[in-house]
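One file, input_30.cif, carrying mmCIF, C-alpha atoms:
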```cif
data_target
#
loop_
_atom_site.label_atom_id
_atom_site.label_comp_id
_atom_site.auth_asym_id
_atom_site.auth_seq_id
_atom_site.Cartn_x
_atom_site.Cartn_y
_atom_site.Cartn_z
CA MET G 1 0.00 0.00 0.00
CA ALA G 2 3.03 2.26 -0.39
CA ASP G 3 1.42 4.14 -3.24
CA ILE G 4 -1.63 5.11 -1.18
CA VAL G 5 -0.69 8.68 -0.34
CA PRO G 6 -2.37 11.38 1.74
CA PHE G 7 -3.94 14.10 -0.38
CA GLU G 8 -4.59 17.74 0.50
CA ILE G 9 -7.02 19.81 -1.54
CA HIS G 10 -5.54 23.08 -2.76
CA LEU G 11 -7.02 24.55 -5.90
CA PRO G 12 -4.76 26.92 -7.88
CA ASP G 13 -5.02 30.61 -7.04
CA LYS G 14 -5.31 31.29 -10.77
CA LEU G 15 -8.48 29.19 -11.02
CA LEU G 16 -10.09 31.02 -8.10
CA GLU G 17 -9.15 34.41 -9.52
CA GLU G 18 -10.41 33.54 -13.01
CA THR G 19 -13.68 32.25 -11.57
CA LYS G 20 -14.30 35.53 -9.75
CA ILE G 21 -13.57 37.44 -12.96
CA LYS G 22 -16.01 35.32 -14.93
CA LEU G 23 -18.64 35.91 -12.26
CA LYS G 24 -17.98 39.66 -12.35
CA TYR G 25 -18.70 39.83 -16.09
CA ALA G 26 -21.43 37.17 -16.17
CA ARG G 27 -24.40 38.07 -18.39
CA LEU G 28 -27.59 37.02 -16.61
CA ASP G 29 -30.79 37.17 -18.64
CA ASP G 30 -32.74 39.62 -16.46
CA GLY G 31 -35.70 39.28 -18.78
CA MET G 32 -36.36 35.89 -17.16
CA ALA G 33 -37.39 37.67 -13.97
CA SER G 34 -40.73 38.68 -15.48
CA VAL G 35 -41.76 35.72 -17.66
CA GLU G 36 -44.23 33.07 -16.54
CA TRP G 37 -42.36 30.27 -18.28
CA ASN G 38 -39.01 30.40 -16.48
CA ASP G 39 -38.23 26.73 -15.77
CA LEU G 40 -35.42 27.36 -13.27
CA GLU G 41 -36.96 26.00 -10.07
CA VAL G 42 -35.24 28.50 -7.78
CA GLY G 43 -36.43 31.46 -9.87
CA HIS G 44 -34.38 34.21 -11.50
CA LEU G 45 -34.07 36.56 -8.53
CA LYS G 46 -32.95 33.84 -6.11
CA PHE G 47 -30.49 32.50 -8.65
CA LYS G 48 -29.10 35.99 -9.22
CA GLU G 49 -28.59 36.37 -5.47
CA VAL G 50 -26.55 33.16 -5.35
CA VAL G 51 -24.42 34.26 -8.31
CA GLU G 52 -23.76 37.61 -6.65
CA TYR G 53 -22.95 35.89 -3.36
CA TRP G 54 -20.43 33.67 -5.16
CA ARG G 55 -18.94 36.73 -6.85
CA ASP G 56 -18.74 39.02 -3.79
CA GLU G 57 -18.59 36.91 -0.62
CA TYR G 58 -18.00 33.21 -1.19
CA ASP G 59 -14.66 31.98 0.12
CA TRP G 60 -13.51 28.67 -1.35
CA ARG G 61 -10.40 28.62 0.84
CA GLU G 62 -12.56 28.59 3.96
CA PHE G 63 -14.49 25.59 2.70
CA GLU G 64 -11.30 23.95 1.47
CA ALA G 65 -9.87 24.14 4.98
CA LYS G 66 -12.95 22.33 6.32
CA LEU G 67 -12.61 19.65 3.64
CA ASN G 68 -9.00 19.06 4.58
CA LYS G 69 -10.03 18.09 8.11
CA TYR G 70 -11.16 14.80 6.57
CA ASN G 71 -8.76 12.00 5.65
CA HIS G 72 -8.16 12.29 1.90
CA PHE G 73 -6.01 9.90 -0.11
CA LYS G 74 -5.04 9.13 -3.67
CA THR G 75 -3.88 5.90 -5.25
CA SER G 76 -3.60 4.21 -8.63
CA VAL G 77 -6.20 1.51 -9.18
CA PRO G 78 -6.08 -1.04 -12.02
CA VAL G 79 -9.11 -1.80 -14.20
CA ASN G 80 -8.92 -4.67 -16.67
CA GLY G 81 -8.59 -3.47 -20.28
CA PHE G 82 -8.06 0.17 -19.32
CA ASP G 83 -5.33 2.40 -17.96
CA ASP G 84 -5.03 2.60 -14.19
CA ILE G 85 -7.26 5.21 -12.54
CA ASP G 86 -5.77 7.89 -10.29
CA LEU G 87 -8.45 7.62 -7.62
CA HIS G 88 -9.30 10.10 -4.87
CA PHE G 89 -11.08 8.79 -1.77
CA LEU G 90 -11.82 9.50 1.88
CA HIS G 91 -11.00 6.79 4.40
CA HIS G 92 -12.09 6.98 8.02
CA ARG G 93 -11.63 4.03 10.35
CA SER G 94 -13.66 3.62 13.51
CA ILE G 95 -11.97 2.99 16.85
CA ARG G 96 -14.59 0.32 17.55
CA PRO G 97 -13.15 -3.24 17.26
CA ASP G 98 -16.37 -4.60 15.73
CA ALA G 99 -16.58 -1.96 12.98
CA ILE G 100 -17.68 -3.18 9.54
CA PRO G 101 -15.91 -1.93 6.38
CA LEU G 102 -18.37 0.04 4.22
CA ILE G 103 -17.87 1.75 0.87
CA PHE G 104 -20.17 4.69 0.13
CA VAL G 105 -20.65 5.52 -3.56
CA HIS G 106 -22.19 8.82 -4.67
CA GLY G 107 -23.74 9.81 -8.01
CA TRP G 108 -24.41 12.87 -10.19
CA PRO G 109 -24.70 15.81 -9.53
CA GLY G 110 -23.22 14.79 -6.24
CA SER G 111 -19.60 14.04 -5.33
CA PHE G 112 -17.61 12.86 -2.35
CA LEU G 113 -19.19 15.84 -0.53
CA GLU G 114 -22.26 13.66 0.03
CA SER G 115 -20.25 11.52 2.45
CA LEU G 116 -19.18 14.34 4.76
CA LYS G 117 -22.21 14.33 7.05
CA ILE G 118 -22.53 10.54 7.36
CA ILE G 119 -18.87 9.73 8.04
CA PRO G 120 -18.93 10.81 11.73
CA LEU G 121 -22.34 9.22 12.25
CA LEU G 122 -21.12 5.87 10.94
CA THR G 123 -17.58 5.80 12.34
CA GLU G 124 -18.45 7.27 15.77
CA PRO G 125 -22.04 6.17 16.43
CA SER G 126 -23.79 6.84 19.70
CA GLY G 127 -24.51 4.12 22.22
CA ASP G 128 -24.22 0.55 21.03
CA ARG G 129 -25.13 1.26 17.39
CA GLN G 130 -23.10 -0.57 14.79
CA ALA G 131 -19.89 1.21 13.74
CA PHE G 132 -18.23 1.25 10.31
CA HIS G 133 -14.91 1.89 8.66
CA VAL G 134 -15.99 4.22 5.83
CA VAL G 135 -14.39 4.49 2.39
CA ALA G 136 -15.90 7.20 0.17
CA PRO G 137 -14.30 7.42 -3.29
CA SER G 138 -14.82 10.06 -5.93
CA ILE G 139 -16.21 8.32 -9.00
CA PRO G 140 -13.67 8.47 -11.86
CA GLY G 141 -14.13 11.84 -13.57
CA TYR G 142 -15.62 13.44 -10.44
CA GLY G 143 -13.97 15.73 -7.92
CA PHE G 144 -10.28 14.92 -7.66
CA SER G 145 -10.29 11.48 -9.31
CA GLY G 146 -8.77 10.96 -12.72
CA TYR G 147 -10.76 9.43 -15.54
CA CYS G 148 -10.36 7.00 -18.40
CA LYS G 149 -9.56 8.43 -21.82
CA LYS G 150 -10.80 5.27 -23.56
CA SER G 151 -14.49 4.71 -24.35
CA GLY G 152 -16.31 1.77 -22.82
CA PHE G 153 -15.54 2.58 -19.17
CA GLY G 154 -19.03 1.87 -17.85
CA LEU G 155 -20.74 0.78 -14.65
CA GLU G 156 -18.98 -2.59 -14.48
CA GLN G 157 -15.61 -0.87 -14.77
CA HIS G 158 -16.50 1.58 -12.01
CA ALA G 159 -17.49 -1.41 -9.86
CA GLU G 160 -14.20 -3.16 -10.61
CA CYS G 161 -12.28 0.00 -9.79
CA PHE G 162 -13.89 0.28 -6.36
CA ALA G 163 -13.59 -3.45 -5.65
CA ASN G 164 -9.88 -3.21 -6.41
CA LEU G 165 -9.61 -0.16 -4.15
CA MET G 166 -11.17 -2.05 -1.24
CA LYS G 167 -8.83 -4.99 -1.86
CA LYS G 168 -5.87 -2.63 -1.92
CA LEU G 169 -6.96 -1.17 1.41
CA GLY G 170 -6.93 -4.66 2.91
CA TYR G 171 -10.67 -5.20 3.10
CA ASP G 172 -11.32 -8.76 1.90
CA GLN G 173 -15.01 -8.49 2.76
CA TYR G 174 -17.18 -5.42 3.16
CA VAL G 175 -20.64 -3.94 2.64
CA CYS G 176 -21.82 -1.14 0.35
CA GLN G 177 -24.16 1.82 0.25
CA GLY G 178 -25.10 3.69 -2.91
CA GLY G 179 -27.51 6.26 -4.28
CA ASP G 180 -27.99 7.60 -7.80
CA TRP G 181 -25.20 6.08 -9.97
CA GLY G 182 -23.78 4.66 -6.78
CA SER G 183 -26.80 2.36 -6.49
CA SER G 184 -26.05 0.77 -9.86
CA ILE G 185 -22.31 0.63 -9.21
CA VAL G 186 -22.73 -1.24 -5.91
CA ARG G 187 -25.21 -3.60 -7.57
CA TYR G 188 -22.49 -4.48 -10.07
CA MET G 189 -20.02 -4.84 -7.22
CA ALA G 190 -22.33 -7.41 -5.66
CA LEU G 191 -22.81 -9.23 -8.97
CA ASN G 192 -19.21 -9.29 -10.15
CA HIS G 193 -17.34 -9.39 -6.84
CA ALA G 194 -19.62 -11.60 -4.79
CA LYS G 195 -16.95 -13.11 -2.55
CA ALA G 196 -15.97 -9.67 -1.26
CA VAL G 197 -19.35 -7.90 -1.12
CA GLN G 198 -21.39 -9.25 1.77
CA ALA G 199 -24.46 -7.06 1.21
CA ILE G 200 -25.56 -3.77 -0.33
CA HIS G 201 -27.91 -1.00 0.76
CA ILE G 202 -29.35 1.37 -1.86
CA ASN G 203 -31.68 4.37 -1.89
CA MET G 204 -32.36 4.62 -5.63
CA PHE G 205 -33.96 1.84 -7.61
CA LEU G 206 -34.03 0.59 -11.16
CA ALA G 207 -36.06 -2.40 -12.33
CA LEU G 208 -38.02 -3.74 -15.25
CA PRO G 209 -41.76 -4.48 -15.11
CA PRO G 210 -42.57 -8.07 -14.04
CA ASP G 211 -42.51 -10.58 -16.86
CA SER G 212 -45.90 -12.12 -17.68
CA ASN G 213 -44.39 -15.61 -17.99
CA LYS G 214 -42.03 -15.59 -15.02
CA SER G 215 -44.27 -13.66 -12.60
CA PRO G 216 -47.85 -13.66 -13.91
CA GLU G 217 -49.45 -12.39 -10.67
CA LYS G 218 -47.04 -9.48 -10.36
CA HIS G 219 -47.57 -8.68 -14.02
CA ARG G 220 -51.35 -8.71 -13.53
CA ARG G 221 -51.06 -6.16 -10.71
CA TYR G 222 -48.78 -4.07 -12.88
CA VAL G 223 -51.09 -3.86 -15.90
CA SER G 224 -54.22 -3.39 -13.75
CA ASN G 225 -52.63 -0.64 -11.65
CA ASP G 226 -53.28 -2.68 -8.50
CA PHE G 227 -51.06 -0.78 -6.07
CA SER G 228 -51.21 0.67 -2.56
CA GLU G 229 -51.88 4.32 -1.82
CA GLN G 230 -48.17 4.95 -1.23
CA GLU G 231 -47.26 3.16 -4.41
CA ILE G 232 -49.70 5.35 -6.33
CA LYS G 233 -47.96 8.41 -4.87
CA ASN G 234 -44.68 6.99 -6.08
CA LEU G 235 -46.26 6.54 -9.50
CA GLU G 236 -47.26 10.19 -9.58
CA ARG G 237 -43.72 11.20 -8.64
CA THR G 238 -42.32 9.10 -11.47
CA LYS G 239 -44.73 10.54 -14.02
CA TRP G 240 -43.69 14.03 -12.90
CA PHE G 241 -40.02 13.17 -13.28
CA ALA G 242 -40.46 11.57 -16.70
CA THR G 243 -42.48 14.52 -17.97
CA PHE G 244 -40.66 17.51 -16.50
CA GLU G 245 -37.21 16.46 -15.27
CA ARG G 246 -35.74 13.86 -17.59
CA GLY G 247 -34.48 16.27 -20.26
CA TYR G 248 -31.09 16.69 -18.58
CA GLN G 249 -30.60 12.93 -18.68
CA ARG G 250 -31.09 12.60 -22.43
CA ILE G 251 -28.66 15.45 -23.09
CA GLN G 252 -26.03 13.90 -20.83
CA GLU G 253 -26.56 10.48 -22.40
CA THR G 254 -26.02 11.79 -25.91
CA LYS G 255 -23.92 14.99 -25.76
CA PRO G 256 -21.91 15.02 -22.51
CA VAL G 257 -18.81 16.59 -24.05
CA THR G 258 -20.71 19.23 -26.01
CA LEU G 259 -22.54 20.28 -22.86
CA GLY G 260 -19.37 19.95 -20.81
CA TYR G 261 -17.52 22.60 -22.83
CA ALA G 262 -20.12 25.17 -21.79
CA PHE G 263 -19.95 24.16 -18.13
CA HIS G 264 -16.16 24.04 -18.06
CA ASP G 265 -16.02 27.65 -19.21
CA SER G 266 -18.95 29.12 -17.28
CA PRO G 267 -19.37 28.88 -13.50
CA VAL G 268 -22.83 30.48 -13.89
CA GLY G 269 -23.81 27.79 -16.40
CA MET G 270 -22.58 25.04 -14.09
CA LEU G 271 -24.49 26.54 -11.16
CA ALA G 272 -27.70 26.96 -13.17
CA TRP G 273 -27.60 23.31 -14.27
CA PHE G 274 -27.32 22.26 -10.63
CA ALA G 275 -29.54 24.79 -8.85
CA GLY G 276 -32.93 23.58 -10.06
CA LYS G 277 -32.09 19.94 -9.41
CA LEU G 278 -30.87 20.60 -5.90
CA LYS G 279 -34.23 22.22 -5.13
CA ALA G 280 -36.59 19.92 -7.05
CA TRP G 281 -34.97 16.67 -6.02
CA THR G 282 -35.00 17.38 -2.28
CA ASP G 283 -37.87 17.55 0.18
CA ASN G 284 -38.00 21.15 1.42
CA TYR G 285 -34.34 21.10 2.35
CA SER G 286 -33.07 24.59 3.20
CA TRP G 287 -29.93 25.00 1.12
CA THR G 288 -27.55 27.63 2.48
CA PRO G 289 -26.12 30.16 0.00
CA GLU G 290 -22.78 28.32 0.10
CA GLU G 291 -23.96 24.74 -0.44
CA PRO G 292 -25.06 24.91 -4.11
CA ILE G 293 -21.77 26.67 -4.88
CA HIS G 294 -19.78 23.96 -3.08
CA TRP G 295 -21.51 21.29 -5.15
CA ALA G 296 -21.22 23.11 -8.48
CA PHE G 297 -17.61 24.18 -7.98
CA ILE G 298 -16.41 20.64 -7.26
CA HIS G 299 -17.58 19.78 -10.80
CA TYR G 300 -16.51 23.07 -12.38
CA GLN G 301 -12.90 22.78 -11.18
CA GLY G 302 -12.62 19.32 -12.72
CA SER G 303 -14.09 18.00 -15.95
CA PRO G 304 -17.88 18.27 -16.24
CA SER G 305 -17.67 16.27 -19.49
CA ALA G 306 -15.88 13.36 -17.80
CA ALA G 307 -18.40 13.31 -14.96
CA MET G 308 -21.35 13.14 -17.36
CA GLN G 309 -19.82 10.43 -19.58
CA ILE G 310 -21.17 7.78 -17.21
CA TYR G 311 -24.66 8.50 -18.59
CA LYS G 312 -23.55 7.64 -22.11
CA GLU G 313 -21.70 4.48 -21.09
CA ALA G 314 -24.51 3.19 -18.85
CA GLU G 315 -26.90 2.75 -21.77
CA ALA G 316 -24.99 -0.39 -22.76
CA VAL G 317 -25.89 -2.22 -19.55
CA LEU G 318 -29.20 -0.72 -18.38
CA ASN G 319 -31.59 -2.50 -20.71
CA GLU G 320 -33.80 -5.58 -21.06
CA ASN G 321 -30.91 -7.90 -21.97
CA SER G 322 -30.78 -10.84 -19.56
CA SER G 323 -27.03 -10.34 -19.11
CA SER G 324 -27.44 -6.68 -18.10
CA MET G 325 -27.71 -5.51 -14.52
CA LEU G 326 -31.51 -5.56 -14.75
CA GLY G 327 -31.51 -9.22 -15.74
CA ARG G 328 -29.06 -10.63 -13.18
CA TYR G 329 -29.96 -11.71 -9.65
CA ILE G 330 -28.08 -10.47 -6.57
CA SER G 331 -28.03 -13.29 -4.03
CA GLN G 332 -26.46 -11.33 -1.18
CA PRO G 333 -28.84 -9.45 1.13
CA VAL G 334 -30.08 -6.17 -0.33
CA GLY G 335 -31.57 -3.34 1.70
CA GLY G 336 -33.64 -0.50 0.31
CA SER G 337 -34.68 2.87 1.74
CA LEU G 338 -37.36 4.78 -0.19
CA PHE G 339 -37.74 8.53 0.17
CA PRO G 340 -40.78 10.27 -1.38
CA ASN G 341 -38.85 12.94 -3.30
CA GLU G 342 -36.40 10.49 -4.81
CA VAL G 343 -35.86 10.83 -8.53
CA CYS G 344 -36.73 7.99 -10.86
CA PHE G 345 -33.83 7.22 -13.18
CA MET G 346 -34.97 5.67 -16.43
CA SER G 347 -32.85 3.95 -19.01
CA ARG G 348 -33.88 4.58 -22.60
CA PHE G 349 -35.58 1.16 -22.69
CA CYS G 350 -37.47 1.81 -19.45
CA PHE G 351 -38.57 5.23 -20.67
CA THR G 352 -39.97 3.66 -23.84
CA TYR G 353 -41.94 1.27 -21.63
CA TRP G 354 -43.30 4.21 -19.64
CA LEU G 355 -44.39 6.03 -22.77
CA PHE G 356 -46.26 2.95 -23.88
CA LEU G 357 -48.01 2.02 -20.63
CA HIS G 358 -47.68 5.22 -18.54
CA GLN G 359 -47.06 3.04 -15.49
CA LEU G 360 -43.34 2.97 -14.80
CA TRP G 361 -42.48 4.45 -11.45
CA LEU G 362 -40.52 4.39 -8.18
CA TYR G 363 -40.25 0.66 -8.26
CA PRO G 364 -42.12 -1.44 -5.68
CA ARG G 365 -40.47 -4.11 -3.59
CA GLU G 366 -41.90 -6.96 -5.62
CA TRP G 367 -40.34 -5.57 -8.79
CA MET G 368 -36.94 -5.29 -7.12
CA GLU G 369 -37.31 -8.82 -5.74
CA GLU G 370 -37.15 -10.15 -9.30
CA THR G 371 -33.41 -9.37 -9.37
CA CYS G 372 -32.47 -8.63 -5.74
CA ASN G 373 -32.56 -10.63 -2.50
CA ILE G 374 -34.46 -7.91 -0.64
CA GLN G 375 -34.06 -8.33 3.13
CA PHE G 376 -34.80 -4.77 4.24
CA TRP G 377 -37.30 -2.30 2.79
CA LYS G 378 -38.35 0.95 4.42
CA GLN G 379 -40.64 3.64 2.99
CA HIS G 380 -39.97 7.03 4.57
CA LYS G 381 -42.46 9.88 4.85
CA SER G 382 -39.99 12.62 4.00
CA GLY G 383 -36.68 13.02 2.22
CA GLY G 384 -35.33 13.28 -1.29
CA HIS G 385 -32.59 12.25 -3.68
CA PHE G 386 -29.56 13.63 -1.83
CA ILE G 387 -30.52 11.92 1.40
CA ALA G 388 -26.97 11.61 2.79
CA TRP G 389 -26.79 15.41 2.70
CA GLU G 390 -30.44 16.20 3.37
CA ARG G 391 -31.28 13.73 6.18
CA PRO G 392 -28.04 11.97 7.10
CA GLU G 393 -29.42 10.68 10.40
CA ALA G 394 -32.28 8.89 8.65
CA LEU G 395 -30.00 7.22 6.12
CA CYS G 396 -27.49 6.18 8.78
CA ALA G 397 -30.26 4.75 10.96
CA ASP G 398 -31.37 2.52 8.07
CA ILE G 399 -27.80 1.49 7.26
CA THR G 400 -27.22 0.59 10.90
CA GLU G 401 -30.48 -1.34 11.20
CA PHE G 402 -29.73 -3.34 8.08
CA TYR G 403 -26.11 -4.15 8.97
CA ASN G 404 -26.22 -4.45 12.76
CA LYS G 405 -25.41 -7.70 14.55
CA THR G 406 -29.09 -8.64 14.92
CA GLY G 407 -30.13 -7.55 11.43
CA PRO G 408 -30.74 -9.57 8.27
CA VAL G 409 -27.10 -9.50 7.11
CA PHE G 410 -25.08 -10.44 10.18
CA GLY G 411 -27.79 -11.58 12.63
CA GLN G 412 -27.59 -15.10 14.01
#
```
Using the file provided, produce a representation of the structure as C-alpha cells.
Amino acid sequence: MADIVPFEIHLPDKLLEETKIKLKYARLDDGMASVEWNDLEVGHLKFKEVVEYWRDEYDWREFEAKLNKYNHFKTSVPVNGFDDIDLHFLHHRSIRPDAIPLIFVHGWPGSFLESLKIIPLLTEPSGDRQAFHVVAPSIPGYGFSGYCKKSGFGLEQHAECFANLMKKLGYDQYVCQGGDWGSSIVRYMALNHAKAVQAIHINMFLALPPDSNKSPEKHRRYVSNDFSEQEIKNLERTKWFATFERGYQRIQETKPVTLGYAFHDSPVGMLAWFAGKLKAWTDNYSWTPEEPIHWAFIHYQGSPSAAMQIYKEAEAVLNENSSSMLGRYISQPVGGSLFPNEVCFMSRFCFTYWLFLHQLWLYPREWMEETCNIQFWKQHKSGGHFIAWERPEALCADITEFYNKTGPVFGQ
C-alpha cells in the first residue's frame, strides 16, 4: 500500500481568480425575472442572489480548509482493459473493534461531498449502534479522481475500480451503500465481486416491469394498476419526473462533451444546471447560499464532461438484456430505503416502456425482488434524492439497522 498517499485539496489561485472574474462579467438574462415560463426552479431573482454571493462573498479557501479536516487519499487503481485510474477517496476508520468496512458511492450531480455528514455518524455512532470503517471514493471523472480516456468505461468498470480499491486497502469483505449512480455501481459490485461484497444498501432503484411468464401475478397487478396508496404516490412522482425532469438525462446520455464545454467555461452555467435539481430533487431542504456553490464548484474545477460520460456508457448495460444488470440476480442481502422525493432514473428502454403504458415508477419491492434478494425495505415519509446530505441521520439509521449484529445481514 506504499502508493496510497495522503492528499490535501488546494485549488490553484489562478483558477479562483479567473472564476471571480467570470462571475464579475457574467451576463444574466434579467428578462427571465418577469416571464411566466421560467423553468429554473429557484427562480431568477434567487439564482441571481446566489451568483452575486459567489462573486462578492464566497470563500472557497474557507471551505477547502474544512474539507482538509477529513482524511483524503489518492492511489492508482487497475481496471482490466483500461489504464489505471488515479483515484481520490476518503478513508475513516472507527476505533470500535467490531466496525464493519463500508464503501459509500455517490452519483451525479453529487460528489464525495455527500459523504461528509454521514462519516462521523457511521464511524463514531452513539450508544451501542453498529460502527463502520468508511471508504468514500470520488467516481472516476468526479472531484479529484482521474478518468479514463478510452471509451467503454461503464458501470462494471466503475465497480471493478472500487472493488480493487477495497482490496488494496486490505478489506477482503465489506458492505456497500449507494444512491444515484452509486446504487447501480454497488449492484455491479455485488454481482461481479460476490466473494468480497457481503451485502448492499441502496436508496435509488431501477427495475423492469414483471414478466408475464415468469411472474404472472405481479404482471397482472402491474397492468391493472393494482397498487397501494403509497405506491400510487410513487407513480405520480415518477410521471412528474419523466415529464418535467428527464431532459437533462437525455442530453447527458447523448452529448456530454458538447454540454461539458459550456460548463467548463462558465461557472454560472454550471451553477444553473445544478440549482434547479438541488431544489426539485430534495424535500423542502433549506440549502444555504454556500452549499449549491460547493456542489457546483467541485464539478466546475474538474471535468464536467468526464463526470457526465457515465450516462452515455450506462446505456450499454441498463436495458432488457438478460445479461445486463436488470436481468441478473443479486443473491447477497439487499436493503432498500425509499424517500418520497427520490428521482426515478430511467434507461432509454425503461422510458420507452413508460411512454407505452404510462405506469413505470418508483419501483415497488416486488419488482426489485425479481433481481435482488431484498431483506430490508423501508418507505420514509420525507426526504429526497440527496438523502446523505439532506437527512443523514435517517439514512445512517437505516444502514445501521440493516447491517447491525441482529439484522438480516449479520444476525444469528
For this session: Can you work out which one of G:Arg27, G:His133, G:Arg250, G:His44 has the shortest atom-to-atom distance to Gln309 (chain G), counting only C-alpha atoms?
Result: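 The answer is G:Arg250, which sits nearest to Gln309 (chain G).
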Pull the neighbourhood of (-23.2, 36.5, -8.9) for me: all residues within 10 Å in file coordinates, counting all atoms listed in the file, as an mmCIF file with C-alpha atoms, in the frame of the given file.
```cif
data_model
loop_
_atom_site.group_PDB
_atom_site.id
_atom_site.type_symbol
_atom_site.label_atom_id
_atom_site.label_comp_id
_atom_site.auth_asym_id
_atom_site.auth_seq_id
_atom_site.Cartn_x
_atom_site.Cartn_y
_atom_site.Cartn_z
ATOM 1 C CA LYS G 20 -14.300 35.530 -9.750
ATOM 2 C CA LYS G 22 -16.010 35.320 -14.930
ATOM 3 C CA LEU G 23 -18.640 35.910 -12.260
ATOM 4 C CA LYS G 24 -17.980 39.660 -12.350
ATOM 5 C CA TYR G 25 -18.700 39.830 -16.090
ATOM 6 C CA ALA G 26 -21.430 37.170 -16.170
ATOM 7 C CA ARG G 27 -24.400 38.070 -18.390
ATOM 8 C CA LEU G 28 -27.590 37.020 -16.610
ATOM 9 C CA PHE G 47 -30.490 32.500 -8.650
ATOM 10 C CA LYS G 48 -29.100 35.990 -9.220
ATOM 11 C CA GLU G 49 -28.590 36.370 -5.470
ATOM 12 C CA VAL G 50 -26.550 33.160 -5.350
ATOM 13 C CA VAL G 51 -24.420 34.260 -8.310
ATOM 14 C CA GLU G 52 -23.760 37.610 -6.650
ATOM 15 C CA TYR G 53 -22.950 35.890 -3.360
ATOM 16 C CA TRP G 54 -20.430 33.670 -5.160
ATOM 17 C CA ARG G 55 -18.940 36.730 -6.850
ATOM 18 C CA ASP G 56 -18.740 39.020 -3.790
ATOM 19 C CA GLU G 57 -18.590 36.910 -0.620
ATOM 20 C CA TYR G 58 -18.000 33.210 -1.190
ATOM 21 C CA PRO G 267 -19.370 28.880 -13.500
ATOM 22 C CA VAL G 268 -22.830 30.480 -13.890
#
```
Exercise. Which residue gives the smallest distance to Pro101 (chain G) among G:Ser76, G:Ile374, G:Ala196, G:Asp39, with only C-alpha atoms counted?
Worked result: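 Closest candidate: G:Ala196.
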Exercise. Applied to the shown file, which residues does the PyMOL selection byres ((chain G and resi 294) around 12) return, written as a ChimeraX atom specification?
Worked result: /G:50,54,58-64,66-67,109-114,143,267,270-271,274-275,278,287-293,295-301
Exercise. Quick one: which residues end up in the PyMOL selection byres ((chain G and resi 7) around 12) for this structure, as an MDAnalysis selection string?
Worked result: chainID G and resid 3:6 8:10 67:75 86:91 144:145
For this session: Could you check which of G:Ile119, G:Ala33, G:Val77, G:Ala190 is closest to Met166 (chain G), using only C-alpha atoms?
Result: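 The closest residue to Met166 (chain G) is G:Val77.
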Please build the interface table for region 77-168 of chain G against region 375-395 of chain G with a cut-off of 8 Å, listing for each qualifying residue the nearest atom pair and the distance in Å to one decimal; count only C-alpha atoms, order rows by chain and increasing number, and write it as a tab-separated table.
```
residue	atom	partner	partner_atom	distance
G:Gly110	CA	G:Phe386	CA	7.8
G:Glu114	CA	G:Trp389	CA	5.5
G:Ser115	CA	G:Ala388	CA	6.7
G:Leu116	CA	G:Trp389	CA	8.0
G:Lys117	CA	G:Pro392	CA	6.3
G:Ile118	CA	G:Pro392	CA	5.7
G:Leu121	CA	G:Glu393	CA	7.5
```
For this session: Could you tell me which of G:Ser151, G:Thr282, G:Thr238, G:Gln198 comes closest to Glu41 (chain G) if we count all atoms listed in the file?
Result: G:Thr282
Draw an axis-aligned box over all listed atoms of region 262-269 of chain G, pad each side with 6 Å, and write its centre and edge lengths in Å, one decimal, as lines of an AutoDock Vina configuration file.
```
center_x = -19.9
center_y = 27.3
center_z = -17.6
size_x = 19.8
size_y = 18.4
size_z = 20.3
```
Problem set entry | Answer as number ranges by chain, residues within 8 Å of (-15.6, -12.4, 0.2) using all atoms listed in the file | G: 172-174, 193-198
Take the residues just selected and output them with C-alpha atoms as a compact mmCIF listing (two decimals), in the frame of the given file.
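Below you can see again_7.txt, which holds the result:
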```txt
# COMPACT_ATOMS: atom_id res chain seq x y z
CA ASP G 172 -11.32 -8.76 1.90
CA GLN G 173 -15.01 -8.49 2.76
CA TYR G 174 -17.18 -5.42 3.16
CA HIS G 193 -17.34 -9.39 -6.84
CA ALA G 194 -19.62 -11.60 -4.79
CA LYS G 195 -16.95 -13.11 -2.55
CA ALA G 196 -15.97 -9.67 -1.26
CA VAL G 197 -19.35 -7.90 -1.12
CA GLN G 198 -21.39 -9.25 1.77
```
Would you mind listing, for every residue of region 237-277 of chain G within 12 Å of region 324-343 of chain G, the two atoms forming the shortest contact and the distance between them in Å to one decimal, using all atoms listed in the file, sorted by chain and ascending residue number, as a tab-separated table?
```
residue	atom	partner	partner_atom	distance
G:Arg237	CA	G:Asn341	CA	7.4
G:Thr238	CA	G:Val343	CA	7.3
G:Lys239	CA	G:Val343	CA	10.4
G:Trp240	CA	G:Val343	CA	9.5
G:Phe241	CA	G:Val343	CA	6.7
G:Ala242	CA	G:Val343	CA	9.4
G:Phe244	CA	G:Val343	CA	11.5
G:Glu245	CA	G:Val343	CA	8.9
G:Arg246	CA	G:Val343	CA	9.6
G:Gln249	CA	G:Val343	CA	11.6
G:Lys277	CA	G:Val343	CA	9.9
```
Problem set entry | Top pick for closest residue to Leu206 (chain G), considering G:Leu122, G:Val42, G:Cys176, G:Met368 and counting only C-alpha atoms | G:Met368
For this session: May I have the residues within 6 Å of Gly182 (chain G) as a list in words, using all atoms listed in the file and disregarding those fewer than 3 positions away in the same chain?
Result: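 After dropping sequence-adjacent residues, the list is Val105, His106, Gly107, Gly178, Gly179 and Ile185 of chain G.
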Exercise. Between G:Lys405, G:Lys233, G:Arg129, G:Arg187, which one has atoms that come closest to Met204 (chain G), using only C-alpha atoms?
Worked result: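 Counting only C-alpha atoms, the residue closest to Met204 (chain G) is G:Arg187.
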For this session: Between CA of Ala199 (chain G) and CA of Val175 (chain G), measure the distance and give it in Å to one decimal.
Result: 5.1 Å
Problem set entry | Output of the PyMOL selection byres ((chain G and resi 257) around 9), listed as a VMD selection string | chain G and resid 252 254 to 256 258 to 262 304 to 306 308 to 309
For this session: Using CA of Glu320 (chain G) and CA of Asp226 (chain G) as the two end points, give the distance in Å to one decimal.
Result: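 CA of Glu320 (chain G) sits 23.4 Å away from CA of Asp226 (chain G).
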For this session: Figure out the distance between CA of Ala207 (chain G) and CA of Tyr363 (chain G), please, to one decimal in Å.
Result: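 Between CA of Tyr363 (chain G) and CA of Ala207 (chain G) the gap works out to 6.6 Å.
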For this session: For region 79-83 of chain G, please output as a PyMOL selection string all residues within 7 Å (counting all atoms listed in the file; exclusion window: fewer than 5 positions along the same chain).
Result: chain G and resi 148+157+160-161
